[in-house]
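Visitor: I have a structure I would like to understand better, so I am pasting it below and will then ask my questions one at a time.
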Amino acid sequence: MKAPATELMKSASMPVLLALLMVLSSLAGCIFGDDENGSNGEVLAVFSYSPSSNIRANDTISFDASSSTPSNGLTYRWDFDADGTIDDTGRSAEWKFPTAGTKTIELTVSDGTKSSSQSKEIVIVEATAIAPEADISQYADDEDCSNDALDENTHIVVWICEMDKSKTDRDISATTTVILDASTSQAGDSSQYIAEWNWDLDPETDKDNDGDSENDVDYSGETIDWSNVAPGEYEVNLNILNSAGMTDSDTIKVYVSYAGQWSDFEMGGNTSGNAQTLDFKMDIVYDKDKGNTIRKAVGELTYPQEDDDCNTLPGATNCRAKLDIYAINEEDEEASNTTGKTLDQRTEGDCDEDNNDCVHLTLSSYMFSDTESTYGDGEWIFQIRNEKVNDLQVESFIIRLHYR
């Protein structure tokens, strides 16, 4: 008796099915395995939108979820009106809000196993709202510490002048107060007013960890006194908000330079075989990341060519004076000095060449950068050195730190 045809077909297909299952089983790790973009990785919803501020009713807003992780294999669900329903899908989307108010946006991403959501609030203003205009008033001191007029029409330029320093006070530690004035800012139109003036004094650092380094609130107010400002180069941001909910910002550079003068003091003589020295300490800032970089540091030394009370002590060949300036960095490395300037070359600046020697030591900004061939910033010393046996009088020593 013959078997039915259907039974013959089943018996014939069984070996094939078994073989196929064995093959699929051996390939299961390849076909269904997880790679670096698979579901074993972190699933994180991240989105941004543009424009990011001053969004009016019926403006088109572009949403971008390309920073979500993993970068492949995700589905995207957008809820633009906080009603729990899906309004759009895809990595990017566009949306308009017909009315003003604070809107909540939610993005949910999924890799099929795990999901993640991110929500953000967006402020939508009336369609007729006018943006304000932020403006920081520029100004400069009338003169620098040498009574030279300052011509400045872009930045804020301030000099700290300590022109009567004592020999016992040879550290430069003075600070100043910088006035920041936003009173020339405009509200937008006559029906609006400025509700907030917020100042960010360090736009490179995100102190409130909101992802925007330029909107921290260090001071608030239309005009403020920024106190204890050390010599340096600074960038300041102003962020204003008007009564219509619109914002604007302005940025200005602030340059604080320094000059200190020590007058009419004496340098001891080299009577023990060692040069007599006086150290003057100063902080030098060279931070390219924050844009705070000194332009140059200058030491200006003026002394009589011959002291009134000079005498030919043993070991002294004559009464002709010679003093030098040395520059020493924080690591005690000597960076430069004036010893190579001969006596007839010591006529720098506004010098009374018949009676005085005038010698300057200028350190350019590149010397303070952090490279193997330079000396870095930090605490530096300008040192006056007397190699002569006689005591020598100093008429004046001036240190200038130029940040502008």
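In the structure tokens, chains take letters A, B, ... by order of appearance, with residues numbered from 1 within each chain and ligands from 1 in the order shown.
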Determine, counting only C-alpha atoms, which protein, DNA and RNA residues have an atom within 7 Å of an atom of Asp181 of chain A; residues of the same chain fewer than 2 positions away are not included. Present the result as an mmCIF file with N, CA and C atoms, in the first residue's frame.

Guide:
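The result, written out as selection26.cif:
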data_model
loop_
_atom_site.group_PDB
_atom_site.id
_atom_site.type_symbol
_atom_site.label_atom_id
_atom_site.label_comp_id
_atom_site.auth_asym_id
_atom_site.auth_seq_id
_atom_site.Cartn_x
_atom_site.Cartn_y
_atom_site.Cartn_z
ATOM 1 N N ILE A 136 26.206 97.922 25.496
ATOM 2 C CA ILE A 136 27.113 98.231 26.607
ATOM 3 C C ILE A 136 27.888 99.489 26.235
ATOM 4 N N SER A 137 27.867 100.481 27.099
ATOM 5 C CA SER A 137 28.553 101.734 26.803
ATOM 6 C C SER A 137 30.062 101.549 26.852
ATOM 7 N N ILE A 179 33.013 100.196 35.749
ATOM 8 C CA ILE A 179 31.584 100.503 35.618
ATOM 9 C C ILE A 179 31.067 99.880 34.321
ATOM 10 N N SER A 183 22.627 101.519 29.984
ATOM 11 C CA SER A 183 21.497 102.447 29.958
ATOM 12 C C SER A 183 21.113 102.891 28.552
ATOM 13 N N GLU A 222 20.839 97.621 35.409
ATOM 14 C CA GLU A 222 21.107 98.452 34.231
ATOM 15 C C GLU A 222 22.550 98.963 34.231
ATOM 16 N N THR A 223 23.023 99.387 35.403
ATOM 17 C CA THR A 223 24.405 99.841 35.564
ATOM 18 C C THR A 223 24.953 99.202 36.837
ATOM 19 N N ILE A 224 26.147 98.629 36.726
ATOM 20 C CA ILE A 224 26.722 97.943 37.888
ATOM 21 C C ILE A 224 28.168 98.378 38.090
#

Visitor: I want to know what sits within 12 Å of Arg400 of chain A, based on only C-alpha atoms, with residues of the same chain fewer than 3 positions away left out; could you give that as an MDAnalysis selection string?

Guide: chainID A and resid 144:146 159:163 172 231 256:261 280 282:284 294:301 360:363 382 397 403:404

Visitor: Write the residues of the preceding selection, restricted to C-alpha atoms, as a CSV table (one decimal), in the first residue's frame.

Guide:
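again03.csv written:
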chain,number,residue,atom,x,y,z
A,144,ASP,CA,47.1,106.5,31.0
A,145,CYS,CA,49.5,106.7,33.9
A,146,SER,CA,52.0,108.8,31.9
A,159,TRP,CA,44.5,102.0,33.9
A,160,ILE,CA,45.4,101.3,37.5
A,161,CYS,CA,48.0,104.0,38.5
A,162,GLU,CA,50.1,103.6,41.6
A,163,MET,CA,52.7,106.3,41.0
A,172,ILE,CA,51.7,94.5,42.5
A,231,PRO,CA,45.0,93.8,35.6
A,256,VAL,CA,42.7,96.8,32.7
A,257,SER,CA,46.4,97.8,32.5
A,258,TYR,CA,48.7,98.8,35.4
A,259,ALA,CA,51.6,101.2,36.1
A,260,GLY,CA,53.4,101.5,39.4
A,261,GLN,CA,56.3,103.8,40.3
A,280,PHE,CA,59.4,93.6,42.5
A,282,MET,CA,53.9,91.0,39.6
A,283,ASP,CA,51.2,88.6,38.3
A,284,ILE,CA,51.3,88.0,34.6
A,294,ILE,CA,49.0,90.4,28.3
A,295,ARG,CA,50.5,92.4,25.5
A,296,LYS,CA,53.8,93.4,27.1
A,297,ALA,CA,55.4,94.0,30.5
A,298,VAL,CA,58.0,96.8,30.8
A,299,GLY,CA,60.4,97.8,33.5
A,300,GLU,CA,61.8,101.4,33.3
A,301,LEU,CA,64.8,102.2,35.4
A,360,HIS,CA,64.2,99.7,29.8
A,361,LEU,CA,63.4,96.0,29.7
A,362,THR,CA,60.4,95.0,27.6
A,363,LEU,CA,58.9,91.5,27.7
A,382,PHE,CA,61.5,92.4,37.8
A,397,PHE,CA,61.6,102.5,38.7
A,403,TYR,CA,46.8,94.5,28.3
A,404,ARG,CA,45.7,96.8,25.5

Visitor: If you run DSSP over the backbone, which residues in segment 202-383 of chain A end up helix (DSSP H, G or I)? Put them as number ranges by chain.

Guide: A: 343-345, 365-368

Visitor: Skipping near chain neighbours, those fewer than 2 positions away, what residues fall within 12 Å of Trp226 of chain A using only C-alpha atoms, listed as a PyMOL selection string?

Guide: chain A and resi 175-181+199-201+218-221+223-224+228-230+234+236+254

Visitor: Using atom CA of Ser185 of chain A and atom CA of Ile240 of chain A as the two end points, give the distance in Å to one decimal.

Guide: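 So the two atoms, atom CA of Ser185 of chain A and atom CA of Ile240 of chain A, lie 8.6 Å apart.
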
Visitor: Work out how far apart atom CA of Lys207 of chain A and atom CA of His402 of chain A are and give it in Å to one decimal.

Guide: 28.9 Å

Visitor: Please report, as a short mmCIF file (atom, residue, chain, number, x, y, z; two decimals) with N, CA and C atoms, in the first residue's frame, each residue of segment 110-341 of chain A to which DSSP assigns strand (DSSP E or B) when run on this structure's backbone.

Guide:
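Result went into out_25.cif, see below:
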data_model
loop_
_atom_site.label_atom_id
_atom_site.label_comp_id
_atom_site.auth_asym_id
_atom_site.auth_seq_id
_atom_site.Cartn_x
_atom_site.Cartn_y
_atom_site.Cartn_z
N SER A 110 13.59 55.41 20.60
CA SER A 110 13.59 54.00 21.00
C SER A 110 14.40 53.19 20.02
N SER A 115 13.90 52.87 25.58
CA SER A 115 13.50 54.19 25.09
C SER A 115 13.99 55.26 26.04
N SER A 116 14.01 56.50 25.55
CA SER A 116 14.46 57.65 26.34
C SER A 116 13.68 58.86 25.88
N SER A 117 13.41 59.78 26.81
CA SER A 117 12.66 60.99 26.47
C SER A 117 13.38 62.23 26.98
N GLN A 118 13.23 63.32 26.26
CA GLN A 118 13.71 64.62 26.71
C GLN A 118 12.61 65.64 26.49
N SER A 119 12.39 66.51 27.49
CA SER A 119 11.40 67.57 27.39
C SER A 119 12.08 68.92 27.53
N LYS A 120 11.60 69.90 26.79
CA LYS A 120 12.09 71.27 26.91
C LYS A 120 10.92 72.22 26.82
N GLU A 121 11.04 73.36 27.53
CA GLU A 121 10.04 74.40 27.44
C GLU A 121 10.54 75.50 26.51
N ILE A 122 9.68 75.95 25.63
CA ILE A 122 10.00 77.00 24.67
C ILE A 122 9.03 78.16 24.88
N VAL A 123 9.57 79.36 24.97
CA VAL A 123 8.73 80.54 25.14
C VAL A 123 8.38 81.10 23.76
N ILE A 124 7.10 81.19 23.49
CA ILE A 124 6.60 81.77 22.24
C ILE A 124 5.99 83.12 22.59
N VAL A 125 6.42 84.17 21.86
CA VAL A 125 5.91 85.52 22.13
C VAL A 125 4.90 85.90 21.06
N GLU A 133 17.26 95.98 21.94
CA GLU A 133 18.63 96.13 21.45
C GLU A 133 19.55 96.37 22.65
N TYR A 139 33.89 103.13 27.05
CA TYR A 139 34.55 104.31 27.57
C TYR A 139 36.01 103.96 27.86
N ALA A 140 36.80 105.00 28.10
CA ALA A 140 38.20 104.81 28.48
C ALA A 140 38.58 105.90 29.47
N GLU A 143 43.30 109.51 30.52
CA GLU A 143 44.74 109.40 30.28
C GLU A 143 45.24 108.09 30.86
N ALA A 149 46.97 110.94 26.49
CA ALA A 149 45.54 110.78 26.23
C ALA A 149 45.26 109.41 25.61
N ILE A 156 36.28 99.01 26.61
CA ILE A 156 36.46 99.71 27.88
C ILE A 156 37.93 99.57 28.26
N VAL A 157 38.60 100.70 28.47
CA VAL A 157 40.04 100.71 28.74
C VAL A 157 40.29 101.48 30.03
N VAL A 158 40.89 100.79 31.00
CA VAL A 158 41.11 101.36 32.33
C VAL A 158 42.57 101.13 32.72
N TRP A 159 43.15 102.14 33.37
CA TRP A 159 44.50 102.01 33.92
C TRP A 159 44.46 102.10 35.44
N ILE A 160 45.18 101.22 36.10
CA ILE A 160 45.43 101.33 37.54
C ILE A 160 46.77 102.03 37.70
N CYS A 161 46.77 103.18 38.36
CA CYS A 161 48.00 103.96 38.50
C CYS A 161 48.39 104.06 39.98
N GLU A 162 49.53 103.48 40.31
CA GLU A 162 50.11 103.62 41.64
C GLU A 162 51.49 104.25 41.47
N MET A 163 51.52 105.57 41.42
CA MET A 163 52.72 106.28 41.04
C MET A 163 53.52 106.80 42.24
N ASP A 164 53.19 106.34 43.43
CA ASP A 164 53.92 106.75 44.63
C ASP A 164 54.10 105.53 45.54
N LYS A 165 54.66 104.47 45.00
CA LYS A 165 54.82 103.23 45.75
C LYS A 165 56.03 103.34 46.70
N ASP A 171 55.12 94.54 45.84
CA ASP A 171 54.19 93.61 45.21
C ASP A 171 53.12 94.40 44.47
N THR A 176 40.82 97.31 40.67
CA THR A 176 40.02 98.51 40.42
C THR A 176 38.56 98.12 40.27
N THR A 177 37.70 99.12 40.15
CA THR A 177 36.28 98.92 39.89
C THR A 177 35.97 99.39 38.48
N VAL A 178 35.32 98.53 37.71
CA VAL A 178 34.93 98.85 36.33
C VAL A 178 33.43 99.08 36.30
N ILE A 179 33.01 100.20 35.75
CA ILE A 179 31.58 100.50 35.62
C ILE A 179 31.07 99.88 34.32
N LEU A 180 30.03 99.07 34.44
CA LEU A 180 29.37 98.47 33.28
C LEU A 180 27.99 99.11 33.15
N ASP A 181 27.77 99.78 32.03
CA ASP A 181 26.58 100.61 31.85
C ASP A 181 25.81 100.15 30.61
N GLN A 186 17.91 99.61 24.13
CA GLN A 186 16.56 99.97 23.70
C GLN A 186 15.60 98.82 23.98
N ILE A 194 12.45 97.21 29.35
CA ILE A 194 13.44 96.18 29.65
C ILE A 194 13.18 95.68 31.06
N ALA A 195 12.93 94.38 31.17
CA ALA A 195 12.60 93.79 32.46
C ALA A 195 13.84 93.26 33.19
N GLU A 196 14.86 92.86 32.44
CA GLU A 196 16.05 92.28 33.06
C GLU A 196 17.30 92.71 32.32
N TRP A 197 18.32 93.06 33.11
CA TRP A 197 19.68 93.24 32.60
C TRP A 197 20.56 92.25 33.35
N ASN A 198 21.14 91.28 32.67
CA ASN A 198 21.97 90.27 33.31
C ASN A 198 23.36 90.28 32.69
N TRP A 199 24.38 90.26 33.55
CA TRP A 199 25.78 90.38 33.11
C TRP A 199 26.51 89.06 33.38
N ASP A 200 27.18 88.56 32.34
CA ASP A 200 28.02 87.36 32.45
C ASP A 200 29.47 87.81 32.30
N TYR A 219 26.02 89.46 37.65
CA TYR A 219 25.45 90.69 38.18
C TYR A 219 24.14 90.94 37.46
N SER A 220 23.23 91.67 38.11
CA SER A 220 21.99 92.11 37.47
C SER A 220 21.83 93.60 37.71
N THR A 223 23.02 99.39 35.40
CA THR A 223 24.41 99.84 35.56
C THR A 223 24.95 99.20 36.84
N ILE A 224 26.15 98.63 36.73
CA ILE A 224 26.72 97.94 37.89
C ILE A 224 28.17 98.38 38.09
N ASP A 225 28.65 98.20 39.30
CA ASP A 225 30.07 98.39 39.63
C ASP A 225 30.70 97.02 39.78
N TRP A 226 31.55 96.68 38.84
CA TRP A 226 32.27 95.40 38.88
C TRP A 226 33.55 95.64 39.67
N SER A 227 33.60 95.11 40.88
CA SER A 227 34.69 95.45 41.80
C SER A 227 35.80 94.40 41.79
N ASN A 228 36.94 94.80 42.35
CA ASN A 228 38.11 93.93 42.54
C ASN A 228 38.61 93.33 41.22
N VAL A 229 38.69 94.15 40.20
CA VAL A 229 39.15 93.69 38.89
C VAL A 229 40.66 93.87 38.81
N GLY A 232 44.23 92.83 33.52
CA GLY A 232 43.93 91.72 32.63
C GLY A 232 43.06 92.15 31.47
N GLU A 233 42.78 91.20 30.61
CA GLU A 233 41.91 91.39 29.44
C GLU A 233 40.68 90.52 29.65
N TYR A 234 39.49 91.12 29.58
CA TYR A 234 38.26 90.41 29.90
C TYR A 234 37.23 90.61 28.79
N GLU A 235 36.34 89.62 28.67
CA GLU A 235 35.17 89.75 27.80
C GLU A 235 33.93 89.68 28.68
N VAL A 236 33.00 90.59 28.45
CA VAL A 236 31.78 90.67 29.26
C VAL A 236 30.57 90.58 28.35
N ASN A 237 29.57 89.78 28.75
CA ASN A 237 28.32 89.66 28.00
C ASN A 237 27.18 90.32 28.78
N LEU A 238 26.33 91.02 28.05
CA LEU A 238 25.08 91.56 28.60
C LEU A 238 23.92 90.86 27.92
N ASN A 239 23.00 90.32 28.70
CA ASN A 239 21.78 89.71 28.17
C ASN A 239 20.58 90.46 28.74
N ILE A 240 19.71 90.98 27.85
CA ILE A 240 18.54 91.71 28.32
C ILE A 240 17.26 91.01 27.86
N LEU A 241 16.20 91.22 28.65
CA LEU A 241 14.88 90.66 28.36
C LEU A 241 13.87 91.78 28.47
N ASN A 242 13.02 91.94 27.42
CA ASN A 242 12.02 93.01 27.49
C ASN A 242 10.68 92.47 27.94
N THR A 247 14.58 88.84 23.70
CA THR A 247 15.91 89.01 24.27
C THR A 247 16.89 89.56 23.26
N ASP A 248 17.99 90.09 23.77
CA ASP A 248 19.12 90.48 22.93
C ASP A 248 20.37 90.48 23.82
N SER A 249 21.53 90.48 23.18
CA SER A 249 22.78 90.45 23.94
C SER A 249 23.82 91.35 23.28
N ASP A 250 24.79 91.74 24.06
CA ASP A 250 25.92 92.53 23.57
C ASP A 250 27.17 92.07 24.30
N THR A 251 28.31 92.25 23.67
CA THR A 251 29.59 91.83 24.23
C THR A 251 30.58 92.97 24.12
N ILE A 252 31.44 93.10 25.12
CA ILE A 252 32.48 94.12 25.08
C ILE A 252 33.74 93.57 25.70
N LYS A 253 34.88 94.05 25.22
CA LYS A 253 36.18 93.73 25.81
C LYS A 253 36.54 94.80 26.85
N VAL A 254 37.05 94.34 27.98
CA VAL A 254 37.51 95.24 29.03
C VAL A 254 39.01 95.01 29.23
N TYR A 255 39.77 96.08 29.10
CA TYR A 255 41.22 96.01 29.27
C TYR A 255 41.62 96.83 30.51
N VAL A 256 42.25 96.14 31.47
CA VAL A 256 42.73 96.81 32.68
C VAL A 256 44.26 96.69 32.69
N SER A 257 44.93 97.80 32.54
CA SER A 257 46.39 97.83 32.55
C SER A 257 46.88 98.48 33.84
N TYR A 258 48.19 98.39 34.06
CA TYR A 258 48.74 98.82 35.36
C TYR A 258 50.05 99.58 35.15
N ALA A 259 50.26 100.58 36.01
CA ALA A 259 51.57 101.23 36.13
C ALA A 259 51.83 101.54 37.60
N GLY A 260 53.03 101.18 38.06
CA GLY A 260 53.45 101.51 39.42
C GLY A 260 54.83 102.14 39.39
N GLN A 261 55.05 103.13 40.25
CA GLN A 261 56.33 103.84 40.26
C GLN A 261 56.88 103.91 41.68
N TRP A 262 58.18 103.60 41.78
CA TRP A 262 58.95 103.73 43.03
C TRP A 262 60.01 104.81 42.79
N SER A 263 60.10 105.78 43.67
CA SER A 263 61.00 106.92 43.42
C SER A 263 61.95 107.13 44.60
N ASP A 264 63.15 107.62 44.26
CA ASP A 264 64.13 108.09 45.24
C ASP A 264 64.43 107.08 46.34
N PHE A 265 65.07 106.00 45.94
CA PHE A 265 65.51 105.02 46.93
C PHE A 265 66.93 104.58 46.57
N GLU A 266 67.57 103.89 47.51
CA GLU A 266 68.98 103.54 47.36
C GLU A 266 69.15 102.04 47.21
N MET A 267 70.09 101.65 46.35
CA MET A 267 70.51 100.26 46.22
C MET A 267 71.83 100.07 46.95
N GLN A 276 73.92 93.21 44.99
CA GLN A 276 72.77 93.60 45.79
C GLN A 276 71.54 93.67 44.87
N THR A 277 70.42 93.14 45.35
CA THR A 277 69.23 93.04 44.50
C THR A 277 67.99 93.53 45.24
N LEU A 278 67.00 93.98 44.47
CA LEU A 278 65.66 94.29 44.95
C LEU A 278 64.67 93.63 44.00
N ASP A 279 63.71 92.87 44.56
CA ASP A 279 62.73 92.17 43.75
C ASP A 279 61.39 92.90 43.78
N PHE A 280 60.75 92.99 42.63
CA PHE A 280 59.42 93.58 42.48
C PHE A 280 58.53 92.52 41.84
N LYS A 281 57.49 92.09 42.57
CA LYS A 281 56.69 90.95 42.14
C LYS A 281 55.43 91.41 41.41
N MET A 282 55.06 90.64 40.38
CA MET A 282 53.87 90.97 39.58
C MET A 282 53.25 89.69 39.04
N ASP A 283 51.94 89.67 38.95
CA ASP A 283 51.22 88.55 38.35
C ASP A 283 51.01 88.84 36.87
N ILE A 284 51.43 87.88 36.05
CA ILE A 284 51.28 87.98 34.60
C ILE A 284 50.24 86.96 34.15
N TYR A 286 48.41 85.05 30.96
CA TYR A 286 48.41 84.73 29.53
C TYR A 286 47.57 83.46 29.36
N ASP A 287 46.26 83.65 29.16
CA ASP A 287 45.31 82.54 29.05
C ASP A 287 44.58 82.67 27.72
N ASN A 292 42.48 86.15 27.71
CA ASN A 292 43.08 87.07 28.67
C ASN A 292 44.59 86.97 28.52
N THR A 293 45.15 87.81 27.66
CA THR A 293 46.58 87.72 27.36
C THR A 293 47.24 89.09 27.46
N LYS A 296 52.36 93.25 26.80
CA LYS A 296 53.78 93.38 27.14
C LYS A 296 53.90 93.84 28.59
N ALA A 297 55.06 93.53 29.19
CA ALA A 297 55.42 94.02 30.52
C ALA A 297 56.73 94.79 30.37
N VAL A 298 56.80 95.96 30.98
CA VAL A 298 57.96 96.84 30.79
C VAL A 298 58.47 97.31 32.14
N GLY A 299 59.78 97.20 32.35
CA GLY A 299 60.44 97.81 33.49
C GLY A 299 61.26 99.00 33.02
N GLU A 300 61.10 100.15 33.67
CA GLU A 300 61.79 101.39 33.26
C GLU A 300 62.59 101.91 34.45
N LEU A 301 63.92 101.88 34.32
CA LEU A 301 64.81 102.24 35.42
C LEU A 301 65.58 103.52 35.07
N THR A 302 65.53 104.49 35.98
CA THR A 302 66.27 105.75 35.81
C THR A 302 67.12 105.98 37.06
N TYR A 303 68.42 106.25 36.86
CA TYR A 303 69.31 106.47 38.00
C TYR A 303 70.40 107.47 37.60
N PRO A 304 70.95 108.22 38.56
CA PRO A 304 72.03 109.18 38.26
C PRO A 304 73.28 108.44 37.78
N LEU A 323 73.31 100.13 36.89
CA LEU A 323 72.30 99.24 37.43
C LEU A 323 71.61 98.51 36.30
N ASP A 324 71.14 97.31 36.58
CA ASP A 324 70.47 96.52 35.55
C ASP A 324 69.16 95.94 36.05
N ILE A 325 68.29 95.62 35.07
CA ILE A 325 67.00 94.97 35.35
C ILE A 325 67.09 93.53 34.86
N TYR A 326 66.63 92.61 35.68
CA TYR A 326 66.51 91.20 35.31
C TYR A 326 65.03 90.80 35.38
N ALA A 327 64.61 89.92 34.49
CA ALA A 327 63.26 89.36 34.50
C ALA A 327 63.35 87.88 34.82
N ILE A 328 62.61 87.44 35.84
CA ILE A 328 62.69 86.06 36.33
C ILE A 328 61.27 85.52 36.44
N GLU A 334 65.74 82.78 34.57
CA GLU A 334 66.02 84.13 34.10
C GLU A 334 65.64 84.22 32.62
N ALA A 335 64.70 85.13 32.31
CA ALA A 335 64.19 85.24 30.94
C ALA A 335 64.90 86.31 30.13
N SER A 336 65.33 87.38 30.78
CA SER A 336 65.96 88.48 30.04
C SER A 336 66.62 89.43 31.04
N ASN A 337 67.54 90.26 30.53
CA ASN A 337 68.14 91.29 31.37
C ASN A 337 68.68 92.40 30.48
#

Visitor: For Thr128 of chain A, which residue among A:Gln393, A:Ser92, A:Thr342, A:Ser191 is the nearest when counting only C-alpha atoms?

Guide: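 Among the listed residues, the smallest separation from Thr128 of chain A belongs to A:Ser191.
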
Visitor: What gap, in Å, lies between atom CA of Ser272 of chain A and atom CA of Lys167 of chain A?

Guide: 22.5 Å
